[in-house]
Each structure stands twice: as C-alpha cells, then as structure tokens.
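Asks: Right, I'll just put the structure down here and ask away after.
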Amino acid sequence: MNKLILLLIAIAFSCSSPPKEQAIADPNDLIKVDKEFSDMSKQNGVSEAFIFYADQDVVKLGQGAEPIKGKTQLTEVYTALDDSKLELTWEPIKAEIAMSGDLGYTFGKYYLITKDSVESTSTGYYVSIWKKQGDGSWKFVLDGGAEGPVE
C-alpha cells in the first residue's frame with residue numbers, strides 16, 4: 001500500500017508543470033523612469049510631470065501640509081500651482097524592485113530653484129514608491145522628501 005501511494009505521488013509530481021520562472025525586474029528600469037520624470041519636470045513644469053507620473057491612488061507628502069490623496073486631488077492642487085518660477089529636478093541614487101515585480105522605490109537628491117526677484121535654491125532628499133501599471137509603465141503611489149543639505 002505504501003509503495004502504491006509513493007508511486008501515485010511520484011506520478012502526480014512528474015505530470016505537473018514546473019513552476020514558471022519569473023523574470024527579475026531590473027532596478028535600472030525604475031531609475032530610468034525616475035530620471036525621465038525629473039526631465040519632464042524641468043522641461044514641461046512641475047505640475048505636468050507630477051500629474052503625468054501619479055498613480056490613481058497617489059499620496060503626496062509635503063512639509064507643513066496635509067497629504068494630497070488621490071490623483072483627482074493632486075491634479076486640482078498642481079493645476080492651481082503657478083510653477084513658472086520653479087525648477088524642480090532630482091537625481092535618483094538607488095532603486096529596488098520587489099520580487100513580485102509590481103512595486104519598487106527610488107530615492108535620491110532633489111534641487112528646487114525658485115526664480116522670484118532673487119533666485120534661491122533648496123535641496124534635500126526624496127523617496128518615491130512606484131507601482132507597475134497594467135500597461136507595463138510605472139507610476140508613483142507615494143512621494144515625499146525632506147529639505148536639507150545634499151552631498
């Protein structure tokens with residue numbers, strides 16, 4: 001009887017298909033997306049870039065303000081923003097993507113130039129959490145930063 005059970009188990013395992021190997025996501029792909037996001041911010045303005053790269057369920061953290069929740073609210077806030085005197089760019093330092101391939105993060109340095117009567121620059125570090133979309137693109141679901149000197 002035991003030999004029959006072992007034989008049935010062996011047959012069952014031999015008939016099952018091997019586990020599907022999942023391609024490991026390359027963090028450099030996410031760094032590339034984050035750099036494209038920064039380039040769009042510099043070329044087209046902060047508002048257009050943040051609206052374009054935001055996921056529907058985005059949460060945007062800001063200093064001294066309540067979080068912006070959802071793409072609808074983010075669009076309202078950023079559409080009302082006069083970003084003509086702002087230049088926000090950043091440089092990702094590191095990215096990682098979960099084994100599942102659908103979530104990842106980037107962090108790096110940011111530079112905000114305000115061009116009022118006197119030009120001023122503030123710097124700091126940021127982190128963005130990204131979610132892979134159904135079409136294969138990446139959109140950020142959480143973004144925030146902290147002002148401070150960068151090296």
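Identifiers in this document derive from the order of the structure tokens: chains are assigned A, B, ..., residues are numbered from 1 separately in each chain, and ligands are numbered from 1 in order of occurrence.
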Excluding Lys35 (chain A) and its own-chain neighbours fewer than 6 positions away, which residues fall within 8 Å of it when counting only C-alpha atoms? Please give them as a list in words.
Replies: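 Counting only the stated atoms, we get Trp90, Glu91 and Pro92 of chain A.
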Asks: Using only N, CA, C and O atoms, please write the residues we just selected to a file, as a short mmCIF file (atom, residue, chain, number, x, y, z; two decimals), in the first residue's frame.
Replies:
```cif
data_model
loop_
_atom_site.label_atom_id
_atom_site.label_comp_id
_atom_site.auth_asym_id
_atom_site.auth_seq_id
_atom_site.Cartn_x
_atom_site.Cartn_y
_atom_site.Cartn_z
N TRP A 90 15.71 66.26 -9.86
CA TRP A 90 16.24 65.33 -8.88
C TRP A 90 17.11 64.29 -9.56
O TRP A 90 17.06 64.11 -10.77
N GLU A 91 17.91 63.62 -8.75
CA GLU A 91 18.82 62.58 -9.22
C GLU A 91 18.61 61.34 -8.36
O GLU A 91 18.94 61.35 -7.17
N PRO A 92 18.07 60.29 -8.93
CA PRO A 92 17.93 59.06 -8.15
C PRO A 92 19.30 58.48 -7.81
O PRO A 92 20.21 58.50 -8.63
#
```
Asks: For Leu74 (chain A), please output as a PyMOL selection string all residues within 8 Å (counting only C-alpha atoms; exclusion window: fewer than 4 positions along the same chain).
Replies: chain A and resi 51+58+60+68-70+78
Asks: Find the spatial neighbours of Trp130 (chain A), counting only C-alpha atoms, within a cut-off of 7 Å - ignore same-chain residues fewer than 4 positions away - and output them as a list in words.
Replies: Leu103, Gly104, Tyr105, Trp138, Lys139, Phe140 and Val141 of chain A
Asks: Provide the CA of Ala98 (chain A) to CA of Asp26 (chain A) distance in Å, to one decimal place.
Replies: 10.1 Å
Asks: Which residues are near Pro67 (chain A)? Cut-off 12 Å, only C-alpha atoms, ignore same chain within fewer than 3 positions. Put them as a list in words.
Replies: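 Counting only C-alpha atoms, the residues come to Val58, Val59, Lys60, Leu61, Gly62, Gln63, Gly64, Gly70, Lys71, Gln73, Leu74, Val77, Leu142, Asp143 and Gly144 of chain A.
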Asks: So, with only C-alpha atoms as the atoms that count, which of A:Glu87, A:Glu151, A:Gly136, A:Gly45 lies closest to Lys109 (chain A)?
Replies: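 Selected residue with least distance to Lys109 (chain A): A:Glu151.
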Asks: If we count only C-alpha atoms, what is near Asn44 (chain A) at a cut-off of 12 Å, once residues fewer than 4 positions away on the same chain are taken out, given as a PyMOL selection string?
Replies: chain A and resi 36-40+48-52+83-84+86-89
Asks: Taking the chain letters and numbering used in this document, name the residues of chain A that DSSP puts in alpha helix (DSSP H), as a PDB file with N, CA, C and O atoms, in the first residue's frame.
Replies:
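Below is the file that was written, states12.pdb:
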```pdb
ATOM      1  N   ASN A   2       1.904   1.301   0.836  1.00  0.00           N
ATOM      2  CA  ASN A   2       2.788   2.457   0.887  1.00  0.00           C
ATOM      3  C   ASN A   2       3.479   2.682  -0.448  1.00  0.00           C
ATOM      4  O   ASN A   2       3.689   3.811  -0.861  1.00  0.00           O
ATOM      5  N   LYS A   3       3.867   1.576  -1.129  1.00  0.00           N
ATOM      6  CA  LYS A   3       4.521   1.715  -2.425  1.00  0.00           C
ATOM      7  C   LYS A   3       3.563   2.305  -3.439  1.00  0.00           C
ATOM      8  O   LYS A   3       3.967   3.114  -4.287  1.00  0.00           O
ATOM      9  N   LEU A   4       2.288   1.950  -3.369  1.00  0.00           N
ATOM     10  CA  LEU A   4       1.283   2.482  -4.287  1.00  0.00           C
ATOM     11  C   LEU A   4       1.100   3.983  -4.066  1.00  0.00           C
ATOM     12  O   LEU A   4       1.044   4.761  -5.028  1.00  0.00           O
ATOM     13  N   ILE A   5       1.065   4.421  -2.824  1.00  0.00           N
ATOM     14  CA  ILE A   5       0.909   5.836  -2.502  1.00  0.00           C
ATOM     15  C   ILE A   5       2.128   6.615  -3.010  1.00  0.00           C
ATOM     16  O   ILE A   5       1.998   7.675  -3.623  1.00  0.00           O
ATOM     17  N   LEU A   6       3.326   6.083  -2.763  1.00  0.00           N
ATOM     18  CA  LEU A   6       4.541   6.746  -3.241  1.00  0.00           C
ATOM     19  C   LEU A   6       4.558   6.823  -4.755  1.00  0.00           C
ATOM     20  O   LEU A   6       4.979   7.830  -5.333  1.00  0.00           O
ATOM     21  N   LEU A   7       4.111   5.757  -5.433  1.00  0.00           N
ATOM     22  CA  LEU A   7       4.058   5.755  -6.889  1.00  0.00           C
ATOM     23  C   LEU A   7       3.082   6.810  -7.391  1.00  0.00           C
ATOM     24  O   LEU A   7       3.379   7.554  -8.339  1.00  0.00           O
ATOM     25  N   LEU A   8       1.903   6.946  -6.771  1.00  0.00           N
ATOM     26  CA  LEU A   8       0.914   7.946  -7.173  1.00  0.00           C
ATOM     27  C   LEU A   8       1.450   9.365  -6.964  1.00  0.00           C
ATOM     28  O   LEU A   8       1.243  10.247  -7.796  1.00  0.00           O
ATOM     29  N   ILE A   9       2.152   9.586  -5.855  1.00  0.00           N
ATOM     30  CA  ILE A   9       2.736  10.903  -5.589  1.00  0.00           C
ATOM     31  C   ILE A   9       3.806  11.219  -6.637  1.00  0.00           C
ATOM     32  O   ILE A   9       3.854  12.323  -7.181  1.00  0.00           O
ATOM     33  N   ALA A  10       4.642  10.231  -6.958  1.00  0.00           N
ATOM     34  CA  ALA A  10       5.688  10.438  -7.959  1.00  0.00           C
ATOM     35  C   ALA A  10       5.079  10.754  -9.318  1.00  0.00           C
ATOM     36  O   ALA A  10       5.556  11.638 -10.042  1.00  0.00           O
ATOM     37  N   ILE A  11       4.006  10.056  -9.670  1.00  0.00           N
ATOM     38  CA  ILE A  11       3.332  10.311 -10.952  1.00  0.00           C
ATOM     39  C   ILE A  11       2.729  11.715 -10.955  1.00  0.00           C
ATOM     40  O   ILE A  11       2.854  12.460 -11.937  1.00  0.00           O
ATOM     41  N   ALA A  12       2.120  12.106  -9.849  1.00  0.00           N
ATOM     42  CA  ALA A  12       1.495  13.427  -9.760  1.00  0.00           C
ATOM     43  C   ALA A  12       2.537  14.529  -9.941  1.00  0.00           C
ATOM     44  O   ALA A  12       2.316  15.492 -10.670  1.00  0.00           O
ATOM     45  N   PHE A  13       3.691  14.390  -9.280  1.00  0.00           N
ATOM     46  CA  PHE A  13       4.737  15.399  -9.414  1.00  0.00           C
ATOM     47  C   PHE A  13       5.354  15.407 -10.811  1.00  0.00           C
ATOM     48  O   PHE A  13       5.705  16.448 -11.330  1.00  0.00           O
ATOM     49  N   SER A  14       5.461  14.251 -11.419  1.00  0.00           N
ATOM     50  CA  SER A  14       6.067  14.209 -12.748  1.00  0.00           C
ATOM     51  C   SER A  14       5.133  14.765 -13.810  1.00  0.00           C
ATOM     52  O   SER A  14       5.588  15.234 -14.846  1.00  0.00           O
ATOM     53  N   CYS A  15       3.841  14.751 -13.568  1.00  0.00           N
ATOM     54  CA  CYS A  15       2.872  15.268 -14.538  1.00  0.00           C
ATOM     55  C   CYS A  15       2.643  16.763 -14.390  1.00  0.00           C
ATOM     56  O   CYS A  15       2.122  17.396 -15.305  1.00  0.00           O
ATOM     57  N   PRO A  27      16.278  47.114 -11.451  1.00  0.00           N
ATOM     58  CA  PRO A  27      16.103  48.409 -10.802  1.00  0.00           C
ATOM     59  C   PRO A  27      16.528  49.582 -11.686  1.00  0.00           C
ATOM     60  O   PRO A  27      16.033  50.694 -11.517  1.00  0.00           O
ATOM     61  N   ASN A  28      17.420  49.339 -12.633  1.00  0.00           N
ATOM     62  CA  ASN A  28      17.829  50.413 -13.549  1.00  0.00           C
ATOM     63  C   ASN A  28      16.666  50.903 -14.402  1.00  0.00           C
ATOM     64  O   ASN A  28      16.658  52.056 -14.831  1.00  0.00           O
ATOM     65  N   ASP A  29      15.678  50.033 -14.642  1.00  0.00           N
ATOM     66  CA  ASP A  29      14.480  50.460 -15.368  1.00  0.00           C
ATOM     67  C   ASP A  29      13.737  51.533 -14.573  1.00  0.00           C
ATOM     68  O   ASP A  29      13.243  52.510 -15.132  1.00  0.00           O
ATOM     69  N   LEU A  30      13.662  51.352 -13.265  1.00  0.00           N
ATOM     70  CA  LEU A  30      12.973  52.312 -12.410  1.00  0.00           C
ATOM     71  C   LEU A  30      13.774  53.610 -12.282  1.00  0.00           C
ATOM     72  O   LEU A  30      13.198  54.696 -12.277  1.00  0.00           O
ATOM     73  N   ILE A  31      15.090  53.509 -12.223  1.00  0.00           N
ATOM     74  CA  ILE A  31      15.929  54.714 -12.204  1.00  0.00           C
ATOM     75  C   ILE A  31      15.724  55.503 -13.495  1.00  0.00           C
ATOM     76  O   ILE A  31      15.615  56.727 -13.482  1.00  0.00           O
ATOM     77  N   LYS A  32      15.622  54.798 -14.618  1.00  0.00           N
ATOM     78  CA  LYS A  32      15.392  55.453 -15.910  1.00  0.00           C
ATOM     79  C   LYS A  32      14.062  56.215 -15.896  1.00  0.00           C
ATOM     80  O   LYS A  32      13.984  57.365 -16.337  1.00  0.00           O
ATOM     81  N   VAL A  33      13.013  55.597 -15.374  1.00  0.00           N
ATOM     82  CA  VAL A  33      11.701  56.244 -15.291  1.00  0.00           C
ATOM     83  C   VAL A  33      11.778  57.475 -14.400  1.00  0.00           C
ATOM     84  O   VAL A  33      11.237  58.538 -14.736  1.00  0.00           O
ATOM     85  N   ASP A  34      12.465  57.348 -13.265  1.00  0.00           N
ATOM     86  CA  ASP A  34      12.577  58.479 -12.345  1.00  0.00           C
ATOM     87  C   ASP A  34      13.346  59.637 -12.992  1.00  0.00           C
ATOM     88  O   ASP A  34      12.993  60.806 -12.819  1.00  0.00           O
ATOM     89  N   LYS A  35      14.384  59.332 -13.768  1.00  0.00           N
ATOM     90  CA  LYS A  35      15.125  60.382 -14.482  1.00  0.00           C
ATOM     91  C   LYS A  35      14.250  61.037 -15.550  1.00  0.00           C
ATOM     92  O   LYS A  35      14.302  62.257 -15.746  1.00  0.00           O
ATOM     93  N   GLU A  36      13.432  60.240 -16.239  1.00  0.00           N
ATOM     94  CA  GLU A  36      12.513  60.808 -17.235  1.00  0.00           C
ATOM     95  C   GLU A  36      11.495  61.723 -16.564  1.00  0.00           C
ATOM     96  O   GLU A  36      11.123  62.770 -17.111  1.00  0.00           O
ATOM     97  N   PHE A  37      11.038  61.341 -15.383  1.00  0.00           N
ATOM     98  CA  PHE A  37      10.125  62.150 -14.583  1.00  0.00           C
ATOM     99  C   PHE A  37      10.783  63.498 -14.253  1.00  0.00           C
ATOM    100  O   PHE A  37      10.181  64.565 -14.451  1.00  0.00           O
ATOM    101  N   SER A  38      12.029  63.476 -13.781  1.00  0.00           N
ATOM    102  CA  SER A  38      12.759  64.705 -13.475  1.00  0.00           C
ATOM    103  C   SER A  38      12.947  65.568 -14.727  1.00  0.00           C
ATOM    104  O   SER A  38      12.769  66.790 -14.676  1.00  0.00           O
ATOM    105  N   ASP A  39      13.293  64.936 -15.838  1.00  0.00           N
ATOM    106  CA  ASP A  39      13.472  65.672 -17.100  1.00  0.00           C
ATOM    107  C   ASP A  39      12.183  66.370 -17.511  1.00  0.00           C
ATOM    108  O   ASP A  39      12.194  67.518 -17.952  1.00  0.00           O
ATOM    109  N   MET A  40      11.039  65.676 -17.353  1.00  0.00           N
ATOM    110  CA  MET A  40       9.751  66.280 -17.700  1.00  0.00           C
ATOM    111  C   MET A  40       9.463  67.465 -16.783  1.00  0.00           C
ATOM    112  O   MET A  40       8.947  68.489 -17.234  1.00  0.00           O
ATOM    113  N   SER A  41       9.807  67.338 -15.509  1.00  0.00           N
ATOM    114  CA  SER A  41       9.595  68.436 -14.564  1.00  0.00           C
ATOM    115  C   SER A  41      10.373  69.668 -14.993  1.00  0.00           C
ATOM    116  O   SER A  41       9.862  70.791 -14.955  1.00  0.00           O
ATOM    117  N   LYS A  42      11.606  69.464 -15.421  1.00  0.00           N
ATOM    118  CA  LYS A  42      12.452  70.591 -15.837  1.00  0.00           C
ATOM    119  C   LYS A  42      11.960  71.201 -17.154  1.00  0.00           C
ATOM    120  O   LYS A  42      11.903  72.420 -17.300  1.00  0.00           O
ATOM    121  N   GLN A  43      11.577  70.362 -18.105  1.00  0.00           N
ATOM    122  CA  GLN A  43      11.206  70.840 -19.437  1.00  0.00           C
ATOM    123  C   GLN A  43       9.766  71.360 -19.526  1.00  0.00           C
ATOM    124  O   GLN A  43       9.497  72.349 -20.191  1.00  0.00           O
ATOM    125  N   ASN A  44       8.848  70.666 -18.854  1.00  0.00           N
ATOM    126  CA  ASN A  44       7.422  70.987 -19.011  1.00  0.00           C
ATOM    127  C   ASN A  44       6.789  71.589 -17.764  1.00  0.00           C
ATOM    128  O   ASN A  44       5.625  71.962 -17.800  1.00  0.00           O
ATOM    129  N   VAL A  46       6.698  71.441 -13.164  1.00  0.00           N
ATOM    130  CA  VAL A  46       6.437  70.535 -12.052  1.00  0.00           C
ATOM    131  C   VAL A  46       5.031  69.942 -12.143  1.00  0.00           C
ATOM    132  O   VAL A  46       4.839  68.734 -11.994  1.00  0.00           O
ATOM    133  N   SER A  47       4.048  70.794 -12.406  1.00  0.00           N
ATOM    134  CA  SER A  47       2.652  70.342 -12.418  1.00  0.00           C
ATOM    135  C   SER A  47       2.415  69.237 -13.434  1.00  0.00           C
ATOM    136  O   SER A  47       1.865  68.180 -13.109  1.00  0.00           O
ATOM    137  N   GLU A  48       2.818  69.480 -14.665  1.00  0.00           N
ATOM    138  CA  GLU A  48       2.586  68.490 -15.725  1.00  0.00           C
ATOM    139  C   GLU A  48       3.261  67.162 -15.396  1.00  0.00           C
ATOM    140  O   GLU A  48       2.675  66.091 -15.578  1.00  0.00           O
ATOM    141  N   ALA A  49       4.484  67.215 -14.898  1.00  0.00           N
ATOM    142  CA  ALA A  49       5.227  65.991 -14.597  1.00  0.00           C
ATOM    143  C   ALA A  49       4.575  65.196 -13.472  1.00  0.00           C
ATOM    144  O   ALA A  49       4.386  63.982 -13.585  1.00  0.00           O
ATOM    145  N   PHE A  50       4.216  65.881 -12.385  1.00  0.00           N
ATOM    146  CA  PHE A  50       3.631  65.164 -11.255  1.00  0.00           C
ATOM    147  C   PHE A  50       2.267  64.580 -11.599  1.00  0.00           C
ATOM    148  O   PHE A  50       1.931  63.476 -11.170  1.00  0.00           O
ATOM    149  N   ILE A  51       1.482  65.299 -12.375  1.00  0.00           N
ATOM    150  CA  ILE A  51       0.171  64.767 -12.780  1.00  0.00           C
ATOM    151  C   ILE A  51       0.362  63.558 -13.699  1.00  0.00           C
ATOM    152  O   ILE A  51      -0.298  62.534 -13.536  1.00  0.00           O
ATOM    153  N   PHE A  52       1.294  63.640 -14.633  1.00  0.00           N
ATOM    154  CA  PHE A  52       1.521  62.559 -15.587  1.00  0.00           C
ATOM    155  C   PHE A  52       1.990  61.275 -14.909  1.00  0.00           C
ATOM    156  O   PHE A  52       1.530  60.182 -15.235  1.00  0.00           O
ATOM    157  N   TYR A  53       2.925  61.382 -13.964  1.00  0.00           N
ATOM    158  CA  TYR A  53       3.528  60.192 -13.360  1.00  0.00           C
ATOM    159  C   TYR A  53       2.794  59.673 -12.123  1.00  0.00           C
ATOM    160  O   TYR A  53       3.206  58.669 -11.540  1.00  0.00           O
ATOM    161  N   LYS A  71      -5.332  60.939  -7.288  1.00  0.00           N
ATOM    162  CA  LYS A  71      -4.918  61.714  -8.455  1.00  0.00           C
ATOM    163  C   LYS A  71      -5.842  62.907  -8.712  1.00  0.00           C
ATOM    164  O   LYS A  71      -5.386  63.948  -9.182  1.00  0.00           O
ATOM    165  N   THR A  72      -7.109  62.790  -8.383  1.00  0.00           N
ATOM    166  CA  THR A  72      -8.034  63.907  -8.578  1.00  0.00           C
ATOM    167  C   THR A  72      -7.601  65.103  -7.741  1.00  0.00           C
ATOM    168  O   THR A  72      -7.487  66.224  -8.249  1.00  0.00           O
ATOM    169  N   GLN A  73      -7.320  64.872  -6.452  1.00  0.00           N
ATOM    170  CA  GLN A  73      -6.882  65.970  -5.592  1.00  0.00           C
ATOM    171  C   GLN A  73      -5.511  66.485  -6.025  1.00  0.00           C
ATOM    172  O   GLN A  73      -5.279  67.699  -6.060  1.00  0.00           O
ATOM    173  N   LEU A  74      -4.604  65.590  -6.391  1.00  0.00           N
ATOM    174  CA  LEU A  74      -3.284  66.015  -6.841  1.00  0.00           C
ATOM    175  C   LEU A  74      -3.405  66.892  -8.083  1.00  0.00           C
ATOM    176  O   LEU A  74      -2.749  67.931  -8.186  1.00  0.00           O
ATOM    177  N   THR A  75      -4.263  66.513  -9.007  1.00  0.00           N
ATOM    178  CA  THR A  75      -4.462  67.301 -10.227  1.00  0.00           C
ATOM    179  C   THR A  75      -5.010  68.681  -9.899  1.00  0.00           C
ATOM    180  O   THR A  75      -4.554  69.686 -10.453  1.00  0.00           O
ATOM    181  N   GLU A  76      -5.975  68.758  -8.974  1.00  0.00           N
ATOM    182  CA  GLU A  76      -6.536  70.055  -8.570  1.00  0.00           C
ATOM    183  C   GLU A  76      -5.455  70.953  -7.970  1.00  0.00           C
ATOM    184  O   GLU A  76      -5.346  72.134  -8.316  1.00  0.00           O
ATOM    185  N   VAL A  77      -4.648  70.392  -7.061  1.00  0.00           N
ATOM    186  CA  VAL A  77      -3.614  71.173  -6.383  1.00  0.00           C
ATOM    187  C   VAL A  77      -2.533  71.620  -7.365  1.00  0.00           C
ATOM    188  O   VAL A  77      -2.157  72.794  -7.401  1.00  0.00           O
ATOM    189  N   TYR A  78      -2.063  70.703  -8.197  1.00  0.00           N
ATOM    190  CA  TYR A  78      -0.962  71.041  -9.100  1.00  0.00           C
ATOM    191  C   TYR A  78      -1.408  71.887 -10.288  1.00  0.00           C
ATOM    192  O   TYR A  78      -0.609  72.658 -10.824  1.00  0.00           O
ATOM    193  N   THR A  79      -2.660  71.783 -10.694  1.00  0.00           N
ATOM    194  CA  THR A  79      -3.159  72.635 -11.774  1.00  0.00           C
ATOM    195  C   THR A  79      -3.238  74.091 -11.299  1.00  0.00           C
ATOM    196  O   THR A  79      -2.979  75.015 -12.063  1.00  0.00           O
ATOM    197  N   ALA A  80      -3.562  74.289 -10.026  1.00  0.00           N
ATOM    198  CA  ALA A  80      -3.652  75.640  -9.463  1.00  0.00           C
ATOM    199  C   ALA A  80      -2.278  76.235  -9.142  1.00  0.00           C
ATOM    200  O   ALA A  80      -2.162  77.434  -8.904  1.00  0.00           O
TER     201      ALA A  80
END
```
Asks: Distance CA of Gly145 (chain A)-CA of Tyr125 (chain A), one decimal place?
Replies: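 Between these atoms lies a distance of 5.5 Å.
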Asks: So how many Å separate CA of Lys132 (chain A) and CA of Lys94 (chain A), to one decimal?
Replies: 17.4 Å
Asks: Nearest residue to Ala146 (chain A) out of A:Val118, A:Ile113, A:Val127, A:Ala65, using only C-alpha atoms?
Replies: A:Val127
Asks: Just asking: which residues within region 76-146 of chain A are strand (DSSP E or B) according to DSSP, as a ChimeraX atom specification?
Replies: /A:86-97,103-115,119-132,138-146
